[in-house]
Each structure stands twice: as structure tokens, then as C-alpha cells.
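**Q** Provided herewith: data02.cif, mmCIF, C-alpha atoms and all ligand atoms.
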```
data_structure
loop_
_atom_site.label_atom_id
_atom_site.label_comp_id
_atom_site.auth_asym_id
_atom_site.auth_seq_id
_atom_site.Cartn_x
_atom_site.Cartn_y
_atom_site.Cartn_z
CA MET W 277 266.02 108.52 -108.77
CA GLN W 278 266.61 110.18 -105.45
CA LYS W 279 269.74 111.99 -104.27
CA VAL W 280 270.27 110.75 -100.72
CA THR W 281 273.49 112.67 -99.95
CA GLY W 282 276.07 114.53 -102.05
CA ASN W 283 277.32 111.35 -103.75
CA VAL W 284 274.66 108.72 -103.06
CA TYR W 285 271.63 108.00 -105.23
CA ALA W 286 268.82 105.50 -104.72
CA GLU W 287 265.75 104.40 -106.63
CA THR W 288 262.67 103.37 -104.69
CA GLU W 289 260.01 103.49 -107.41
CA LEU W 290 260.94 100.46 -109.52
CA ALA W 291 259.44 96.99 -109.51
CA GLY W 292 261.83 94.85 -107.42
CA CYS W 293 264.44 96.02 -104.92
CA ASN W 294 265.80 99.54 -104.34
CA PRO W 295 269.06 99.78 -106.27
CA GLY W 296 271.47 102.62 -105.57
CA PHE W 297 274.90 103.93 -106.47
CA VAL W 298 277.73 105.99 -105.03
CA VAL W 299 279.81 108.40 -107.11
CA THR W 300 283.47 108.22 -106.01
CA SER W 301 286.55 110.03 -107.34
CA GLU W 302 287.41 106.80 -109.19
CA GLY W 303 284.10 105.82 -110.71
CA VAL W 304 280.71 104.53 -109.65
CA VAL W 305 279.92 101.77 -107.14
CA MET W 306 276.47 100.22 -107.54
CA ILE W 307 274.62 98.55 -104.70
CA ASP W 308 272.12 96.02 -106.11
CA THR W 309 270.62 96.31 -109.59
CA PRO W 310 267.24 97.10 -111.16
CA GLN W 311 265.28 93.86 -111.55
CA MET W 312 263.59 94.63 -114.87
CA PRO W 313 265.83 94.67 -117.95
CA ALA W 314 264.15 97.79 -119.37
CA ASP W 315 264.78 99.63 -116.07
CA ALA W 316 268.39 98.41 -115.93
CA ILE W 317 269.09 99.82 -119.37
CA LYS W 318 267.55 103.19 -118.47
CA TRP W 319 269.69 103.21 -115.35
CA ARG W 320 272.84 102.43 -117.27
CA ASP W 321 272.27 105.49 -119.43
CA GLU W 322 271.91 107.59 -116.26
CA ILE W 323 275.00 106.17 -114.52
CA VAL W 324 277.29 106.74 -117.52
CA LYS W 325 276.96 110.47 -116.78
CA HIS W 326 278.73 109.91 -113.42
CA GLY W 327 281.57 107.64 -114.56
CA PRO W 328 282.32 103.98 -115.24
CA VAL W 329 280.88 101.33 -112.91
CA ARG W 330 283.79 99.90 -110.91
CA TYR W 331 281.99 97.53 -108.52
CA ILE W 332 278.53 96.04 -108.12
CA MET W 333 277.80 95.02 -104.53
CA ILE W 334 274.87 92.63 -104.22
CA THR W 335 273.26 92.63 -100.77
CA GLU W 336 271.36 89.31 -100.84
CA PRO W 337 270.54 86.12 -102.76
CA HIS W 338 267.23 87.20 -104.37
CA GLY W 339 266.70 87.78 -108.07
CA ASP W 340 265.18 91.23 -107.67
CA HIS W 341 268.62 92.37 -106.45
CA PHE W 342 270.98 90.50 -108.78
CA SER W 343 269.09 90.00 -112.07
CA GLY W 344 270.28 93.30 -113.53
CA ILE W 345 274.03 92.60 -113.19
CA HIS W 346 274.15 91.49 -116.82
CA PHE W 347 273.57 95.03 -118.06
CA PHE W 348 276.56 96.61 -116.28
CA GLU W 349 280.33 96.44 -116.29
CA GLY W 350 282.09 96.21 -112.94
CA THR W 351 283.43 93.63 -110.53
CA VAL W 352 280.64 91.85 -108.63
CA ILE W 353 280.98 91.38 -104.86
CA ALA W 354 278.52 89.45 -102.65
CA HIS W 355 278.22 86.93 -99.85
CA GLU W 356 279.29 83.40 -100.72
CA GLY W 357 275.65 82.29 -100.23
CA THR W 358 274.51 84.86 -102.79
CA ARG W 359 277.08 83.51 -105.24
CA GLU W 360 275.51 80.05 -104.80
CA ALA W 361 272.05 81.49 -105.52
CA ILE W 362 273.24 83.29 -108.65
CA LEU W 363 274.96 80.14 -109.92
CA ALA W 364 271.68 78.26 -109.43
CA ALA W 365 269.48 80.90 -111.12
CA ASP W 366 267.76 79.75 -114.31
CA VAL W 367 267.41 82.06 -117.33
CA GLU W 368 264.48 80.04 -118.72
CA GLN W 369 262.53 80.54 -115.50
CA LEU W 370 263.22 84.27 -115.68
CA LYS W 371 261.91 84.37 -119.24
CA GLU W 372 258.75 82.49 -118.25
CA ARG W 373 258.12 84.83 -115.33
CA LEU W 374 258.61 87.94 -117.45
CA GLN W 375 256.37 86.44 -120.14
CA GLN W 376 253.57 86.33 -117.58
CA THR W 377 254.22 89.54 -115.67
CA ALA W 378 256.16 92.05 -117.79
CA PRO W 379 256.53 90.81 -121.39
CA GLU W 380 257.73 94.22 -122.60
CA ASN W 381 261.11 93.26 -121.07
CA LEU W 382 261.62 90.12 -123.15
CA PRO W 383 263.31 91.81 -126.14
CA PHE W 384 266.13 92.93 -123.81
CA LEU W 385 266.97 89.35 -122.82
CA GLU W 386 268.82 88.55 -126.03
CA GLY W 387 272.15 87.05 -124.88
CA PHE W 388 271.19 87.43 -121.22
CA SER W 389 273.12 85.52 -118.56
CA TYR W 390 273.45 85.60 -114.78
CA HIS W 391 276.80 86.87 -113.53
CA PRO W 392 278.12 85.37 -110.28
CA PRO W 393 280.37 87.49 -108.06
CA THR W 394 284.11 87.10 -108.57
CA ILE W 395 284.78 88.34 -105.03
CA THR W 396 282.84 86.92 -102.08
CA LEU W 397 282.75 87.44 -98.35
CA ASN W 398 281.42 85.36 -95.47
CA ASP W 399 281.73 87.78 -92.57
CA ARG W 400 283.04 91.18 -93.62
CA ALA W 401 285.07 93.04 -96.23
CA THR W 402 286.19 96.62 -96.74
CA ILE W 403 286.58 97.99 -100.27
CA TYR W 404 288.32 101.34 -100.86
CA VAL W 405 287.37 103.15 -104.05
CA GLY W 406 288.81 106.62 -104.63
CA ASP W 407 287.77 108.76 -101.68
CA HIS W 408 285.09 106.36 -100.39
CA THR W 409 285.06 103.36 -98.07
CA PHE W 410 282.56 100.52 -98.39
CA GLN W 411 282.17 98.40 -95.27
CA LEU W 412 280.36 95.17 -96.10
CA THR W 413 279.12 93.10 -93.17
CA ASN W 414 277.06 89.93 -93.09
CA HIS W 415 273.84 90.69 -91.19
CA PRO W 416 271.79 87.46 -91.15
CA GLY W 417 268.05 88.10 -91.09
CA HIS W 418 265.80 88.12 -94.16
CA THR W 419 268.13 85.28 -95.29
CA PRO W 420 271.37 84.05 -93.68
CA TYR W 421 273.38 85.83 -96.40
CA GLN W 422 272.30 89.47 -96.06
CA VAL W 423 275.06 92.07 -96.39
CA ALA W 424 274.80 95.65 -95.13
CA VAL W 425 276.93 98.15 -97.08
CA TYR W 426 277.93 101.16 -94.97
CA ILE W 427 279.67 104.19 -96.48
CA PRO W 428 281.04 106.19 -93.52
CA GLU W 429 281.98 109.26 -95.62
CA GLU W 430 278.30 109.66 -96.51
CA LYS W 431 276.79 108.16 -93.33
CA VAL W 432 274.55 106.04 -95.56
CA VAL W 433 273.86 102.33 -95.16
CA PHE W 434 272.27 100.09 -97.75
CA THR W 435 270.46 97.61 -95.54
CA SER W 436 269.26 94.90 -97.97
CA ASP W 437 265.82 93.43 -97.22
CA ASN W 438 266.58 93.40 -93.50
CA ILE W 439 264.67 96.69 -93.67
CA PHE W 440 261.30 96.90 -95.42
CA TYR W 441 260.30 100.51 -94.84
CA GLU W 442 256.54 100.56 -94.24
CA THR W 443 256.02 97.71 -96.68
CA HIS W 444 255.23 94.13 -95.82
CA PRO W 445 258.34 92.05 -94.94
CA PHE W 446 259.22 88.71 -96.55
CA LEU W 447 260.24 86.11 -93.97
CA HIS W 448 260.13 83.04 -96.21
CA GLN W 449 263.88 82.34 -95.75
CA ALA W 450 264.34 84.26 -92.51
CA VAL W 451 266.56 83.47 -89.55
CA PRO W 452 264.32 85.46 -87.17
CA TYR W 453 266.37 85.76 -83.98
CA GLU W 454 269.54 86.60 -85.91
CA TRP W 455 267.47 89.23 -87.72
CA LEU W 456 266.71 91.03 -84.43
CA ASN W 457 270.39 90.89 -83.51
CA SER W 458 271.43 92.24 -86.92
CA LEU W 459 269.03 95.17 -86.54
CA ASP W 460 270.82 96.08 -83.29
CA ARG W 461 274.16 95.99 -85.12
CA LEU W 462 272.67 98.13 -87.89
CA GLN W 463 271.69 100.71 -85.28
CA GLU W 464 275.28 100.82 -83.97
CA LEU W 465 276.81 101.79 -87.34
CA GLY W 466 276.20 105.49 -86.86
CA ALA W 467 274.39 105.95 -90.19
CA GLU W 468 272.12 108.93 -90.77
CA HIS W 469 270.31 107.56 -93.83
CA MET W 470 269.16 104.05 -94.66
CA VAL W 471 268.40 102.78 -98.14
CA PRO W 472 266.12 99.82 -97.36
CA GLY W 473 265.64 96.83 -99.66
CA HIS W 474 262.05 97.95 -100.25
CA GLY W 475 260.11 101.11 -99.40
CA GLU W 476 261.25 104.70 -99.08
CA VAL W 477 264.70 105.91 -97.99
CA CYS W 478 264.49 106.39 -94.23
CA ARG W 479 266.38 107.11 -91.01
CA PRO W 480 267.80 104.65 -88.46
CA SER W 481 265.01 105.78 -86.14
CA TYR W 482 262.86 103.28 -88.08
CA ILE W 483 264.88 100.30 -86.78
CA PRO W 484 262.82 99.79 -83.58
CA GLU W 485 259.63 99.62 -85.65
CA MET W 486 261.21 97.02 -87.94
CA LYS W 487 262.29 95.01 -84.90
CA ALA W 488 258.76 95.16 -83.52
CA ALA W 489 257.35 93.86 -86.82
CA ILE W 490 259.70 90.84 -86.74
CA GLN W 491 259.10 90.25 -83.04
CA ASP W 492 255.31 90.27 -83.56
CA TRP W 493 255.67 87.65 -86.30
CA ILE W 494 257.81 85.48 -84.01
CA ASP W 495 255.33 85.86 -81.16
CA ALA W 496 252.29 85.05 -83.30
CA VAL W 497 253.78 81.84 -84.69
CA SER W 498 255.29 80.82 -81.32
CA ASP W 499 251.86 81.28 -79.78
CA ALA W 500 250.23 79.12 -82.47
CA ILE W 501 252.80 76.36 -81.90
CA SER W 502 252.37 76.45 -78.13
CA LYS W 503 248.59 76.21 -78.55
CA GLY W 504 249.12 73.04 -80.60
CA LEU W 505 247.93 74.48 -83.93
CA SER W 506 249.01 72.60 -87.05
CA LEU W 507 250.89 74.52 -89.73
CA GLU W 508 247.72 74.78 -91.82
CA GLU W 509 245.72 76.07 -88.86
CA ALA W 510 248.42 78.63 -88.10
CA GLN W 511 248.43 79.73 -91.75
CA ASP W 512 244.64 80.09 -91.69
CA THR W 513 244.71 82.35 -88.63
CA ILE W 514 247.86 84.50 -88.79
CA SER W 515 248.01 87.56 -91.04
CA PHE W 516 249.79 90.89 -90.69
CA LEU W 517 248.62 92.19 -94.06
CA ASP W 518 246.68 95.05 -92.48
CA ARG W 519 249.88 96.38 -90.87
CA TYR W 520 251.69 97.48 -94.04
CA PRO W 521 250.90 97.46 -97.75
CA MET W 522 252.83 95.14 -100.05
CA ASP W 523 255.67 96.79 -102.00
CA ALA W 524 254.78 98.32 -105.37
CA ARG W 525 253.49 95.85 -107.95
CA MET W 526 253.46 92.94 -105.48
CA GLU W 527 249.93 93.44 -104.13
CA ALA W 528 248.62 90.15 -105.55
CA MET W 529 251.23 88.19 -103.58
CA GLY W 530 249.99 89.40 -100.19
CA PRO W 531 247.84 86.44 -99.03
CA MET W 532 250.36 83.88 -100.31
CA LEU W 533 253.19 85.71 -98.53
CA GLN W 534 251.38 85.41 -95.19
CA ARG W 535 251.30 81.64 -95.60
CA MET W 536 254.97 81.52 -96.71
CA ASN W 537 256.05 83.61 -93.71
CA VAL W 538 254.09 81.41 -91.30
CA ALA W 539 255.51 78.24 -92.86
CA ARG W 540 259.09 79.42 -92.46
CA LEU W 541 258.69 80.58 -88.86
CA TYR W 542 256.74 77.46 -87.94
CA GLU W 543 259.61 75.31 -89.20
CA VAL W 544 262.33 77.40 -87.50
CA LEU W 545 260.54 77.98 -84.17
CA LYS W 546 259.28 74.44 -83.72
CA LYS W 547 262.90 73.31 -83.18
ZN ZN C 601 264.92 89.62 -100.62
#
```
Translate this structure into C-alpha cells?
Ligand SMILES: [Zn+2]

**A**
Amino acid sequence: MQKVTGNVYAETELAGCNPGFVVTSEGVVMIDTPQMPADAIKWRDEIVKHGPVRYIMITEPHGDHFSGIHFFEGTVIAHEGTREAILAADVEQLKERLQQTAPENLPFLEGFSYHPPTITLNDRATIYVGDHTFQLTNHPGHTPYQVAVYIPEEKVVFTSDNIFYETHPFLHQAVPYEWLNSLDRLQELGAEHMVPGHGEVCRPSYIPEMKAAIQDWIDAVSDAISKGLSLEEAQDTISFLDRYPMDARMEAMGPMLQRMNVARLYEVLKK
């Protein structure tokens, strides 16, 4: 657990996304949740020391962000597209995956269910809690449904997976050109600290490097398409794995992720 500013905490060491929370004068606001049930329960014990959880803001439609909601109280807020993903999530699949990858978590799944948000947004929303303001804005990129959460009193923005800080980005559901545009809008917020979806807490000065990583992916796949390469040929030749390591505990996924990223961009850019 890392103290980012006076009232903002983030966790970058866990398997899954980087969850965080903000301590306000009227309770705690969580942004995303620990993916692993055992981690979520440890977190809950930590958060109780700071007050009751009032809201849980989920930044995107991937399970490593929303799976932990079950273990917390608090009103859940997310993009409408994230609500759809949570409604479609399957507990049996989660159990199978944990059985294979982290079986020590299974005992905590007694009575587990996925909790969809009761408040959604499509474009933007502002939530006032005690002495803090939470500005939620749809920033399409890693998926169409990404939400950045900016807290002006702390000058901290939770970016969702639109920022992978020095870890390998997932583009398997990306809207690549919108992503570049969203990174420009992220820069304009005036934040001093960014809590990325994956990787260490960083500064907005990292945004140009993130843009370059996305642009290089776009260029590589565009080039393959213009040379007449088939999808399979493009997948066999394009890899950016040497640029950044995979996020913690995801190393084995690296080669498959290259092929998933190429497949997505090939489909989007061919149009
Ligand atoms: Zn994601």
C-alpha cells in the first residue's frame, strides 16, 4: 500500500489491477478493487481503519478491476458498458480460473456474486463526497468504456488501463485512435500524480511515452496490412515484448498477448 498524497492510497503490488482509495471527511471512496479474494479481504481490514466505504468507482469492464466488489459495502458506479460486462460475468468461470492459477483463494468464494453498478455514466459524472470531488469521464482507449477518475483536491487521477506504466499494454479490445485522443485529454486535467491500471504510480510526464507505445502498435499493424500480410503473418512477425515486461504474475501470457493485440488492431485498422 502506497500513500500517494495526504488522502490517497494505491496498491501496485497485487496480482490484477492497481486498486486505490481516497479518505474523505465522510468516509472512503474506492477506485477499483483487488482481484484476488484473499487480497480483497486483507484490504477491507485496512480500509476499515479509515472509515466506511461509501462508493466504489470501477474504471473499466475487466474482471481484475471489478471482481473484488463483493467483499465491500458501498454504492458501485461505473460506465454503462462496464455494467453490461459485470452482468455477463460468470462465477463458475472465475472458480475454474482460480482453481488453476490461485486455488488458495477458493475458500473465500463461499456465497460470492458479482455486483453490478447501481449508478452508471456514459460520458461524465461528478460525485461530491465530504470535502472531495470525483470527476468521472469516459476516456475510450483500452476499451470503449474506460473511465478516468480525477480528484482535483489531491491532483490525482486514476487512469484505468489507458496507462500501463512501464508494463506491456493490452490492446485486445482497444479503440486505438480514440486512445491517443483520450491520452491528450488526460494530460489536460492538471493532475500531478497518476495511478495507472498497471505498473507503478507515476507522473503525467509519462503520457507521451504511453502515446508512443500505442502509436508504434498502430504503425506496425498498419504497415503489415499495407504490405498485404494476412492476420497470421502479421501475428508471426509483430512483437513488442522486448519493450516492456508483462505486469506482475502475467509473464506467461506475453506471447499470446502479442497475437491478441495484433488481431484486434488488424480488425480495427483494416476498415
Ligand atoms: Zn483492462

**Q** Please check which protein, DNA or RNA residues sit within 9 Å of ligand ZN 601 (chain C), counting all atoms listed in the file, and write them as a list in words.

**A**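 Sorted by chain and then by number, the residues are Cys293, Thr335, Glu336, Pro337, His338, Gly339, Asp340, His341, His418, Thr419, Gln422, Ser436, Asp437, Asn438, Phe446, Leu447, Gln449, Gly473 and His474 of chain W.
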
**Q** Rounded to one decimal in Å, what is the spacing between atom CA of W:Ala354 and atom CA of W:Lys325?

**A**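 Between atom CA of W:Ala354 and atom CA of W:Lys325 the gap works out to 25.4 Å.
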
**Q** Do a neighbour search on W:Val304 at 8 Å with all atoms listed in the file, toss out local chain neighbours closer than 6 positions, and write the hits as a compact mmCIF listing (two decimals) with C-alpha atoms, in the coordinates of the input.

**A**
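Generated file (part_2.txt):
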```
# COMPACT_ATOMS: atom_id res chain seq x y z
CA PHE W 297 274.90 103.93 -106.47
CA VAL W 298 277.73 105.99 -105.03
CA ILE W 323 275.00 106.17 -114.52
CA HIS W 326 278.73 109.91 -113.42
CA GLY W 327 281.57 107.64 -114.56
CA PRO W 328 282.32 103.98 -115.24
CA VAL W 329 280.88 101.33 -112.91
CA ARG W 330 283.79 99.90 -110.91
CA TYR W 331 281.99 97.53 -108.52
```

**Q** Show which residues sit within 12 Å of W:Met526, as a list in words. Count all atoms listed in the file, and ignore same-chain residues fewer than 5 positions away.

**A**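 Once the adjacent positions are removed, what remains is Leu290, Ala291, Gly292, Cys293, Thr377, Thr443, His444, Pro445, Phe446, His474, Pro521, Pro531, Met532 and Leu533 of chain W.
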
**Q** Measure the distance from atom CA of W:Glu287 to atom CA of W:Phe347 in Å and round it to one decimal.

**A** 16.7 Å

**Q** Set the distance at 10 Å and use all atoms listed in the file: which residues neighbour W:Ser481 once local chain neighbours fewer than 3 positions away are removed? I'd like the list as a list of chain:residue names.

**A** W:Gln463, W:Glu468, W:His469, W:Met470, W:Cys478, W:Pro484, W:Glu485, W:Met486

**Q** What's the 8 Å shell around stretch 501-517 of chain W, counting all atoms listed in the file, without same-chain residues fewer than 5 positions away, as a list in words?

**A**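 My list of contacting residues is His444, Ala496, Met522, Gly530, Pro531, Gln534, Arg535, Val538, Ala539, Tyr542 and Lys546 of chain W.
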
**Q** Here's a test: counting only C-alpha atoms, identify every protein, DNA and RNA residue with an atom at most 10 Å from (276.4, 84.9, -105.0) in the file's coordinate frame, and state them as an MDAnalysis selection string.

**A** chainID W and resid 334:338 342 352:364 391:397 421

**Q** Can you work out the spacing between atom CA of W:Ala467 and atom CA of W:Thr409 in Å, to one decimal?

**A** 13.5 Å

**Q** Using only C-alpha atoms, determine which residues lie at most 10 Å from W:Asn381, disregarding the query and same-chain residues fewer than 2 positions distant; provide the list as a count of residues only.

**A** 13

**Q** Could you tell me which of W:Leu459, W:Val544, W:Leu465, W:Met333 comes closest to W:Ala401 if we count only C-alpha atoms?

**A**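 The answer is W:Met333, which sits nearest to W:Ala401.
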
**Q** Could you tell me which of W:Ile345, W:Val451, W:Ala524, W:Val299 comes closest to W:Pro420 if we count all atoms listed in the file?

**A**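 Using all atoms listed in the file, W:Pro420 sits closest to W:Val451.
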
**Q** Choose the residue, out of W:Val405, W:Val367, W:Ala450, W:Ala500, that has the smallest atom-to-atom separation from W:Tyr390; count only C-alpha atoms.

**A**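 Smallest distance to W:Tyr390 is found for W:Val367.
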
**Q** Restricting the calculation to all atoms listed in the file, which member of W:Gly296, W:Pro416, W:Gly406, W:Pro310 is positioned closest to W:Val280?

**A**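 Comparing W:Gly296, W:Pro416, W:Gly406, W:Pro310 against W:Val280, the winner is W:Gly296.
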